[in-house]
Amino acid sequence: MSTNQIGKPTNRVDGRAKVTGEAKYAAEFHVPDLAHGVVVNSAIAKGKIKKIDTSKAMAVEGVFKVITHENRKDYACYDKDFKDMDAPPGSPFRPLYNGNILFNMQPVALVVAETLELARYAATLVEVAYEEEAHETDFEANRGEAYVPEKYNSTTPPKPWGNPEEALAKADVKVEVEYAHPTEHHNPMEMHATVAVWEENGKLTVYDKIQGVENTLQYITSSFGLPKEKVHVLSPFVGGAFGSGLRPQYQSFLAVLAALELKRPVRVMLTRPQMFSFGHRPRTTQRFALGASKDGKLEALIQDVFAETSTFEDYSEDVVIWPGLLYKCDNMKFSHKLVALDEYTPLDMRAPGGTTGIFALESAVDELAYKLGMDPLVFRLKNYTDKDQNNDLPFSSKELRACYIQGAEKFGWEQRSKEPRSMRNGHQLVGWGVAHGAWEAQQAKASAKAVLTTDGKLTISSATADIGTGTYTVMTQIAAETLGLPLEDVTFKLGDTSLPFAPLEGGSKTVSTVGSAVKKVCEKIGEKLLRLAQQQANSPLKDAELKDVTFTDGRLHLKSDTAKAVSFKEIMQLGQREQLEEEVSSKPSEEQKKFARFAHSVAFVEVKVDEDLGAIQVSRIVTAIAGGRIINPKTAKSQIMGAAVWGIGVALEEESVMDNNYGRFMNHDLEKYHVPVNADVHDIDVIFVEEQDTIVNALGAKGLGEIGIVSIAPAIVNAVFHATGKRIRHLPIKLDKLL
Amino acid sequence: MKDKLEKEKEAAQPRALPPKQTVTLTINGTERQLELEPWVSLLDMLREQLHLTGTKVGCNHGQCGACTILLDGKRINSCLTLAVMHDGAEITTIEGLAKDGELHPVQQGFIVHDAFQCGYCTPGQICSVVGLVSEGKARTLDDIRDLMSGNICRCGAYNNIVKVVQEELERSKAQ
Ligand code: FES
Ligand code: FES
């Protein structure tokens, strides 16, 4: 049977390309005469370039050009021309615009040469003299200057309700604490790269690392004043991004700049240290004040957030929406202020705001539960909310209770001993922790096209992306299921601006957004097939309505009588059609506005902490997810496991350390910026609970890219407390904090 | 010791670049003679000159394992060595693992166990697994995790990668 593709643990359709090395990522498109660009970065965080001497670099044979702000070609100068689809309010950074330095490692020159080695070497010969100004990169020192932005890039913080101060004052048990976590960098394994191919006829083909080709197209055409018809952007494979590819990064602009100037193809690939020279997860400090009655009812919650941004853009993310979504409480209040620093603008990084806001919230709640002498899981159940109190809306679905029950059972939570430091395994202290979380389940507008040919092959396309999330695979499944075709007969195309529009792949909304368009366009093809079949004089489907037929194995037949069937091939041949074609747009229903739409998760974690050395091992994770209908349990599980690995990084390892003397992230490579490796990861058990949702989209599926990360870090923090009796409020928990 | 002035004078002149050298390498079963500048890394030779872009680059500093290939059967970080140092060597890259269109069992295992997401670390991981199994050092689960820790997977596919290694170790034992 070829139907029922949805829900099957199908292998990735692009698997073979990825395991053979055939899948081509942005830097890997070789064209004749490809020149290589290497970026020179600023050595200071603030000031001006006094002089930039490129003569030595230019003297190297094989160097074509060193492009700087002094000799670059003209390009647009208004802020609006540099606003990409993901730009926060403010004035976007413009590479090589002038001699002003806004942040450390700002690109100041591009060396373009015949070979990569020559470009690298010549880049070391560029000499830059600066007029330095005092920079401000110290977050804590600048907290006094924090401000409320004119416009939030994220959701505006919810208005307060009840009387939080009074309720807090009256509460039997209180927790008033401050949490902090550092800046983090995405560090996808593939470093950002762009190949810009200039052609004689003035056309430009751009291979870019981006989470949505439309964004590069918009950015490049508006900043260089090029007509859209002349630029073609492609991005068939993306080697991870996690948010780093939401905005076109400077390598993309510089590759195009050089290609236009030299009138030849140019590639620019960043180095790993340069991967620390643009967007990052903003550090925050969060003050929490919680009050509860003796019997464990949450009476008051106040959350005050300070988050970093740059001096030129007001970036903010949803750090303060979580308490109102996760706990029932009659008195809540929030603030979210920004601290502008001389650094690049922060950027969405896997579950932006959720990862950080939920870490602090779930740590604070754990502290409160311990103070109350309550099982932290029982506390959460007692204060469960059935509505989104931020907007006073019911949830479209929320099977979080089922997550608690199934997760706790699998983990064996019942056997938990209450007291901290009460479980051990030889010289290791053992601790168990729990936390829950939510992530938005949004849908946006998107288009898709379908072409069915007489050989029964279906090609679906949309200009979306697959950053490792499985887009190729799940879209193929959705199309195959809708038209009853075997997977092998369906091809899904993405990452190409000549295809119908799709928004950025971010915010866990691709299945919902593009999947809905794919389903709709396939239904249209189905309708066309039926009409065409009915044009035949004695069609067995003569009087059938669309609802009376099904599509199976490349055939259309009556639901009531499967013998009354016609194959797609026959229909098209008899109707004398070479192919059937449809293009549709889909958008969220009006109905959605009446509901809060979120995926939910819970994580149970076991840690083992070496009593003498403080080394922490996350020995066991059980995470239960309420994510609506699961299109592909195999890729879905991988996404959740991967997010759990990220949670380990957030809790225990990742930290971009700012050296305030230089105003530069000093641990800018993979030796000193630690991400989890194989030895850091142990058992991870993923449960998907049943969840029906007819509101979120036509598929009933919620995105899964981010829900898997949010509850992991706090569950680890809480487990470390249970193991050691030490409450660590500043991430990451490195062993020195336990000694 | 050169004095400061002399050093400055020298720095003002770009150094004359050393001439190319002839290197013979067997790459994925085919012998190739290459004219290479001595500063070309094995990784850049594969990716930039031979366009064998299956081998990836994630750091260029031996910190990530994306560039792992098999050099005379041993897994190495190809970014950390110069091509001219390996005259006469035999190299297998991801492109050379499948035979006559049939995937190597480790490649197949990666697909079946969904041991990747974005796929960027994958060629390095696969070569690393092949190398690991032939080293014969990995006995326990902890060994596997330790010995695979030179290959970072930012997508976090580790547990599925481990499954592939376990299966491959079993398979190699059975042979
Ligand atoms: S590229 Fe060689 S180890 Fe990272
Ligand atoms: S699969 Fe993406 S880095 Fe490993």
# chains A, B, ... in the order shown; residues from 1 in each chain; ligands from 1
>>> residues_near_ligand(ligand="ligand 1", cutoff="10 Å", atoms="only C-alpha atoms and all ligand atoms", output="PyMOL selection string")
(chain A and resi 189-190+272+670) or (chain B and resi 42-44+55-69+76-81+121+124+150-152)
>>> residues_around(residues="segment 680-690 of chain A", least_positions_apart="4", cutoff="8 Å", atoms="only C-alpha atoms", output="list in words")
Glu399, Ala402, Cys403, Gln406, Gly407, Gln617, Val618, Ser619, Arg620, Ile621, Val622, Thr623, Ala624, Ile625, Ala626, Gly627, Gly628, Arg629, Ile630, Lys637, Ile640, Met641, Ala644, Val645 and Pro676 of chain A; Tyr158 and Asn159 of chain B
>>> closest_atom_pairs(of="chain B", to="ligand 2", cutoff="7 Å", atoms="only C-alpha atoms and all ligand atoms", output="JSON lines")
{"residue": "B:Phe116", "atom": "CA", "partner": "ligand 2", "partner_atom_place_in_ligand_line": "1 (S)", "distance": 3.8}
{"residue": "B:Gln117", "atom": "CA", "partner": "ligand 2", "partner_atom_place_in_ligand_line": "1 (S)", "distance": 4.1}
{"residue": "B:Cys118", "atom": "CA", "partner": "ligand 2", "partner_atom_place_in_ligand_line": "2 (Fe)", "distance": 3.9}
{"residue": "B:Gly119", "atom": "CA", "partner": "ligand 2", "partner_atom_place_in_ligand_line": "1 (S)", "distance": 4.0}
{"residue": "B:Tyr120", "atom": "CA", "partner": "ligand 2", "partner_atom_place_in_ligand_line": "2 (Fe)", "distance": 5.1}
{"residue": "B:Cys121", "atom": "CA", "partner": "ligand 2", "partner_atom_place_in_ligand_line": "4 (Fe)", "distance": 4.3}
{"residue": "B:Thr122", "atom": "CA", "partner": "ligand 2", "partner_atom_place_in_ligand_line": "4 (Fe)", "distance": 5.7}
{"residue": "B:Ile152", "atom": "CA", "partner": "ligand 2", "partner_atom_place_in_ligand_line": "3 (S)", "distance": 6.8}
{"residue": "B:Cys153", "atom": "CA", "partner": "ligand 2", "partner_atom_place_in_ligand_line": "4 (Fe)", "distance": 3.6}
{"residue": "B:Arg154", "atom": "CA", "partner": "ligand 2", "partner_atom_place_in_ligand_line": "3 (S)", "distance": 4.2}
{"residue": "B:Cys155", "atom": "CA", "partner": "ligand 2", "partner_atom_place_in_ligand_line": "2 (Fe)", "distance": 4.2}
{"residue": "B:Gly156", "atom": "CA", "partner": "ligand 2", "partner_atom_place_in_ligand_line": "4 (Fe)", "distance": 6.3}
{"residue": "B:Ala157", "atom": "CA", "partner": "ligand 2", "partner_atom_place_in_ligand_line": "4 (Fe)", "distance": 6.1}
>>> closest_residue(among="A:Ser223, A:Gln639, A:Thr453, A:Thr284", to="Lys569 of chain A", atoms="only C-alpha atoms")
A:Thr453
>>> closest_residue(among="B:Asp146, B:Asp72, B:Asp87, B:Glu37", to="chain A", atoms="only C-alpha atoms")
B:Asp146
>>> select_by_dssp(residues="segment 127-366 of chain A", states="helix (DSSP H, G or I)", output="PyMOL selection string")
chain A and resi 140-145+164-170+213-224+228-230+250-262+273-276+323-326+354-366
>>> residues_around(residues="Lys228 of chain A", least_positions_apart="3", cutoff="9 Å", atoms="only C-alpha atoms", output="PyMOL selection string")
chain A and resi 217-218+221-222+231-232
>>> write_last_selection(atoms="N, CA, C and O atoms", output="PDB file, in the first residue's frame")
ATOM      1  N   LEU A 217      17.525  36.898  -1.753  1.00  0.00           N
ATOM      2  CA  LEU A 217      17.111  37.588  -2.979  1.00  0.00           C
ATOM      3  C   LEU A 217      16.684  39.022  -2.671  1.00  0.00           C
ATOM      4  O   LEU A 217      17.141  39.977  -3.313  1.00  0.00           O
ATOM      5  N   GLN A 218      15.851  39.155  -1.668  1.00  0.00           N
ATOM      6  CA  GLN A 218      15.375  40.495  -1.305  1.00  0.00           C
ATOM      7  C   GLN A 218      16.536  41.392  -0.878  1.00  0.00           C
ATOM      8  O   GLN A 218      16.663  42.535  -1.317  1.00  0.00           O
ATOM      9  N   THR A 221      19.053  42.156  -3.905  1.00  0.00           N
ATOM     10  CA  THR A 221      18.492  43.037  -4.938  1.00  0.00           C
ATOM     11  C   THR A 221      18.260  44.446  -4.391  1.00  0.00           C
ATOM     12  O   THR A 221      18.535  45.418  -5.083  1.00  0.00           O
ATOM     13  N   SER A 222      17.825  44.541  -3.146  1.00  0.00           N
ATOM     14  CA  SER A 222      17.580  45.907  -2.668  1.00  0.00           C
ATOM     15  C   SER A 222      18.878  46.617  -2.295  1.00  0.00           C
ATOM     16  O   SER A 222      19.015  47.809  -2.529  1.00  0.00           O
ATOM     17  N   VAL A 231      18.538  38.080 -10.638  1.00  0.00           N
ATOM     18  CA  VAL A 231      19.233  37.361  -9.563  1.00  0.00           C
ATOM     19  C   VAL A 231      18.498  36.057  -9.242  1.00  0.00           C
ATOM     20  O   VAL A 231      17.281  36.039  -9.084  1.00  0.00           O
ATOM     21  N   HIS A 232      19.268  35.006  -9.171  1.00  0.00           N
ATOM     22  CA  HIS A 232      18.717  33.682  -8.890  1.00  0.00           C
ATOM     23  C   HIS A 232      19.470  33.129  -7.678  1.00  0.00           C
ATOM     24  O   HIS A 232      20.681  33.007  -7.711  1.00  0.00           O
TER      25      HIS A 232
END
>>> residues_around(residues="Leu82 of chain B", least_positions_apart="3", cutoff="7 Å", atoms="only C-alpha atoms", output="list of chain:residue names")
B:Pro38, B:Trp39, B:Val40, B:Ser41, B:Leu42, B:Met85
>>> closest_residue(among="B:Val164, B:Leu169, B:Val112, B:Met45", to="Glu135 of chain B", atoms="only C-alpha atoms")
B:Leu169
>>> closest_residue(among="B:Arg75, B:Pro19, B:Gln33, B:Arg171", to="Leu147 of chain B", atoms="only C-alpha atoms")
B:Arg75
>>> select_by_dssp(residues="segment 273-302 of chain A", states="strand (DSSP E)", output="list of chain:residue names")
A:Thr284, A:Thr285, A:Gln286, A:Arg287, A:Phe288, A:Ala289, A:Leu290, A:Gly291, A:Ala292, A:Leu298, A:Glu299, A:Ala300, A:Leu301, A:Ile302
>>> write_last_selection(atoms="C-alpha atoms", output="mmCIF file, in the first residue's frame")
data_model
loop_
_atom_site.group_PDB
_atom_site.id
_atom_site.type_symbol
_atom_site.label_atom_id
_atom_site.label_comp_id
_atom_site.auth_asym_id
_atom_site.auth_seq_id
_atom_site.Cartn_x
_atom_site.Cartn_y
_atom_site.Cartn_z
ATOM 1 C CA THR A 284 20.135 37.759 29.748
ATOM 2 C CA THR A 285 19.828 38.325 33.440
ATOM 3 C CA GLN A 286 16.418 37.519 34.826
ATOM 4 C CA ARG A 287 15.003 38.459 38.199
ATOM 5 C CA PHE A 288 12.217 36.265 39.421
ATOM 6 C CA ALA A 289 9.954 36.831 42.382
ATOM 7 C CA LEU A 290 7.527 34.023 43.113
ATOM 8 C CA GLY A 291 5.052 33.649 45.930
ATOM 9 C CA ALA A 292 2.904 30.656 46.863
ATOM 10 C CA LEU A 298 1.183 29.969 42.894
ATOM 11 C CA GLU A 299 -0.022 33.391 44.033
ATOM 12 C CA ALA A 300 2.368 35.843 42.408
ATOM 13 C CA LEU A 301 5.038 35.889 39.746
ATOM 14 C CA ILE A 302 7.217 38.798 38.630
#
>>> residues_around(residues="segment 141-154 of chain A", least_positions_apart="3", cutoff="9 Å", atoms="only C-alpha atoms", output="list in words")
Ala87, Pro88, Pro89, Glu136, Thr137, Asp138, Pro157, Phe306, Ala307, Glu308, Asp314, Tyr315, Ser316, Glu317, Asp318, Val319, Ser335, His336, Lys337, Leu338, Val339, Ala340 and Leu341 of chain A
>>> residues_around(residues="Val165 of chain B", least_positions_apart="3", cutoff="8 Å", atoms="only C-alpha atoms", output="ChimeraX atom specification")
/B:106,129,133,144,161-162,168-169
>>> atom_distance(atom1="atom CA of Asp342 of chain A", atom2="atom CA of Ala134 of chain A")
9.7 Å
>>> interface_residues(of="chain A", to="chain B", cutoff="8 Å", atoms="only C-alpha atoms", output="ChimeraX atom specification")
/A:11-12,15-16,18-24,28,30,56-57,59-60,117,187-191,237-240,271-272,466-470,634-635,638-639,641-643,645-646,669-671,675-679,681-684
>>> residues_around(residues="Leu34 of chain B", least_positions_apart="6", cutoff="8 Å", atoms="only C-alpha atoms", output="list in words")
Gln21, Thr22, Val23, Thr24 and Leu25 of chain B
>>> write_last_selection(atoms="all heavy atoms", output="PDB file, in the first residue's frame")
ATOM      1  N   GLN B  21      55.098  21.235  -6.403  1.00  0.00           N
ATOM      2  CA  GLN B  21      55.769  19.937  -6.350  1.00  0.00           C
ATOM      3  C   GLN B  21      54.849  18.873  -6.936  1.00  0.00           C
ATOM      4  O   GLN B  21      53.634  19.015  -6.894  1.00  0.00           O
ATOM      5  CB  GLN B  21      56.093  19.567  -4.898  1.00  0.00           C
ATOM      6  CG  GLN B  21      57.047  20.550  -4.259  1.00  0.00           C
ATOM      7  CD  GLN B  21      57.358  20.163  -2.821  1.00  0.00           C
ATOM      8  OE1 GLN B  21      57.187  19.022  -2.424  1.00  0.00           O
ATOM      9  NE2 GLN B  21      57.824  21.129  -2.050  1.00  0.00           N
ATOM     10  N   THR B  22      55.484  17.821  -7.406  1.00  0.00           N
ATOM     11  CA  THR B  22      54.678  16.743  -7.966  1.00  0.00           C
ATOM     12  C   THR B  22      54.393  15.713  -6.879  1.00  0.00           C
ATOM     13  O   THR B  22      55.299  15.287  -6.166  1.00  0.00           O
ATOM     14  CB  THR B  22      55.426  16.072  -9.130  1.00  0.00           C
ATOM     15  OG1 THR B  22      55.839  17.096 -10.018  1.00  0.00           O
ATOM     16  CG2 THR B  22      54.550  15.066  -9.857  1.00  0.00           C
ATOM     17  N   VAL B  23      53.155  15.366  -6.772  1.00  0.00           N
ATOM     18  CA  VAL B  23      52.753  14.385  -5.760  1.00  0.00           C
ATOM     19  C   VAL B  23      51.913  13.313  -6.443  1.00  0.00           C
ATOM     20  O   VAL B  23      51.045  13.626  -7.253  1.00  0.00           O
ATOM     21  CB  VAL B  23      51.897  15.058  -4.655  1.00  0.00           C
ATOM     22  CG1 VAL B  23      51.575  14.067  -3.545  1.00  0.00           C
ATOM     23  CG2 VAL B  23      52.606  16.269  -4.093  1.00  0.00           C
ATOM     24  N   THR B  24      52.187  12.072  -6.114  1.00  0.00           N
ATOM     25  CA  THR B  24      51.355  10.995  -6.658  1.00  0.00           C
ATOM     26  C   THR B  24      50.529  10.399  -5.521  1.00  0.00           C
ATOM     27  O   THR B  24      51.071  10.023  -4.479  1.00  0.00           O
ATOM     28  CB  THR B  24      52.238   9.896  -7.288  1.00  0.00           C
ATOM     29  OG1 THR B  24      53.128  10.530  -8.206  1.00  0.00           O
ATOM     30  CG2 THR B  24      51.396   8.859  -8.014  1.00  0.00           C
ATOM     31  N   LEU B  25      49.256  10.362  -5.723  1.00  0.00           N
ATOM     32  CA  LEU B  25      48.349   9.841  -4.693  1.00  0.00           C
ATOM     33  C   LEU B  25      47.350   8.909  -5.342  1.00  0.00           C
ATOM     34  O   LEU B  25      46.941   9.126  -6.483  1.00  0.00           O
ATOM     35  CB  LEU B  25      47.576  10.994  -4.053  1.00  0.00           C
ATOM     36  CG  LEU B  25      48.350  11.995  -3.200  1.00  0.00           C
ATOM     37  CD1 LEU B  25      47.544  13.261  -3.001  1.00  0.00           C
ATOM     38  CD2 LEU B  25      48.708  11.384  -1.857  1.00  0.00           C
TER      39      LEU B  25
END
>>> closest_residue(among="A:Leu580, A:Met105, A:Val13, A:Ala723", to="Ala43 of chain A", atoms="only C-alpha atoms")
A:Met105
>>> atom_distance(atom1="atom CA of Lys519 of chain A", atom2="atom CA of Asn697 of chain A")
10.6 Å
>>> decode(residues="segment 140-168 of chain B", atoms="N, CA and C atoms", output="short mmCIF file (atom, residue, chain, number, x, y, z; two decimals), in the first residue's frame")
data_model
loop_
_atom_site.label_atom_id
_atom_site.label_comp_id
_atom_site.auth_asym_id
_atom_site.auth_seq_id
_atom_site.Cartn_x
_atom_site.Cartn_y
_atom_site.Cartn_z
N THR B 140 33.57 -1.24 24.37
CA THR B 140 32.33 -0.94 25.11
C THR B 140 31.64 0.28 24.50
N LEU B 141 30.45 0.52 24.99
CA LEU B 141 29.70 1.69 24.57
C LEU B 141 30.48 2.97 24.88
N ASP B 142 31.08 3.00 26.08
CA ASP B 142 31.87 4.18 26.45
C ASP B 142 33.06 4.38 25.51
N ASP B 143 33.69 3.24 25.12
CA ASP B 143 34.79 3.35 24.15
C ASP B 143 34.31 4.02 22.87
N ILE B 144 33.17 3.55 22.40
CA ILE B 144 32.65 4.09 21.14
C ILE B 144 32.43 5.59 21.27
N ARG B 145 31.78 5.96 22.37
CA ARG B 145 31.49 7.39 22.55
C ARG B 145 32.78 8.21 22.62
N ASP B 146 33.75 7.71 23.36
CA ASP B 146 35.03 8.42 23.46
C ASP B 146 35.71 8.52 22.12
N LEU B 147 35.79 7.39 21.45
CA LEU B 147 36.57 7.34 20.22
C LEU B 147 35.87 8.01 19.03
N MET B 148 34.61 8.32 19.21
CA MET B 148 33.89 9.07 18.17
C MET B 148 33.77 10.55 18.54
N SER B 149 34.41 10.95 19.62
CA SER B 149 34.23 12.32 20.09
C SER B 149 35.05 13.36 19.33
N GLY B 150 35.86 12.91 18.40
CA GLY B 150 36.57 13.87 17.56
C GLY B 150 35.72 14.36 16.41
N ASN B 151 34.54 13.81 16.28
CA ASN B 151 33.63 14.22 15.20
C ASN B 151 32.41 14.89 15.80
N ILE B 152 32.38 16.20 15.71
CA ILE B 152 31.25 16.93 16.28
C ILE B 152 30.05 16.84 15.35
N CYS B 153 28.89 16.62 15.92
CA CYS B 153 27.65 16.73 15.16
C CYS B 153 26.79 17.76 15.86
N ARG B 154 26.70 18.93 15.28
CA ARG B 154 25.93 19.99 15.93
C ARG B 154 24.44 19.67 15.90
N CYS B 155 24.02 18.84 14.95
CA CYS B 155 22.61 18.44 14.93
C CYS B 155 22.32 17.45 16.06
N GLY B 156 23.36 16.91 16.68
CA GLY B 156 23.16 16.03 17.84
C GLY B 156 22.67 14.64 17.51
N ALA B 157 23.18 14.07 16.43
CA ALA B 157 22.73 12.73 16.03
C ALA B 157 23.51 11.61 16.73
N TYR B 158 24.22 11.96 17.80
CA TYR B 158 25.16 11.02 18.41
C TYR B 158 24.58 9.64 18.71
N ASN B 159 23.42 9.59 19.34
CA ASN B 159 22.91 8.28 19.74
C ASN B 159 22.62 7.38 18.55
N ASN B 160 22.22 7.97 17.46
CA ASN B 160 21.98 7.17 16.26
C ASN B 160 23.31 6.77 15.60
N ILE B 161 24.29 7.63 15.69
CA ILE B 161 25.62 7.29 15.16
C ILE B 161 26.17 6.10 15.94
N VAL B 162 26.00 6.13 17.26
CA VAL B 162 26.48 5.03 18.10
C VAL B 162 25.84 3.71 17.67
N LYS B 163 24.55 3.76 17.34
CA LYS B 163 23.88 2.53 16.90
C LYS B 163 24.54 1.97 15.65
N VAL B 164 24.90 2.85 14.73
CA VAL B 164 25.56 2.39 13.51
C VAL B 164 26.90 1.74 13.85
N VAL B 165 27.65 2.37 14.75
CA VAL B 165 28.96 1.82 15.12
C VAL B 165 28.79 0.43 15.73
N GLN B 166 27.83 0.31 16.64
CA GLN B 166 27.61 -0.99 17.29
C GLN B 166 27.30 -2.06 16.26
N GLU B 167 26.44 -1.70 15.31
CA GLU B 167 26.07 -2.66 14.28
C GLU B 167 27.27 -3.05 13.43
N GLU B 168 28.08 -2.06 13.11
CA GLU B 168 29.24 -2.30 12.25
C GLU B 168 30.28 -3.14 12.98
#
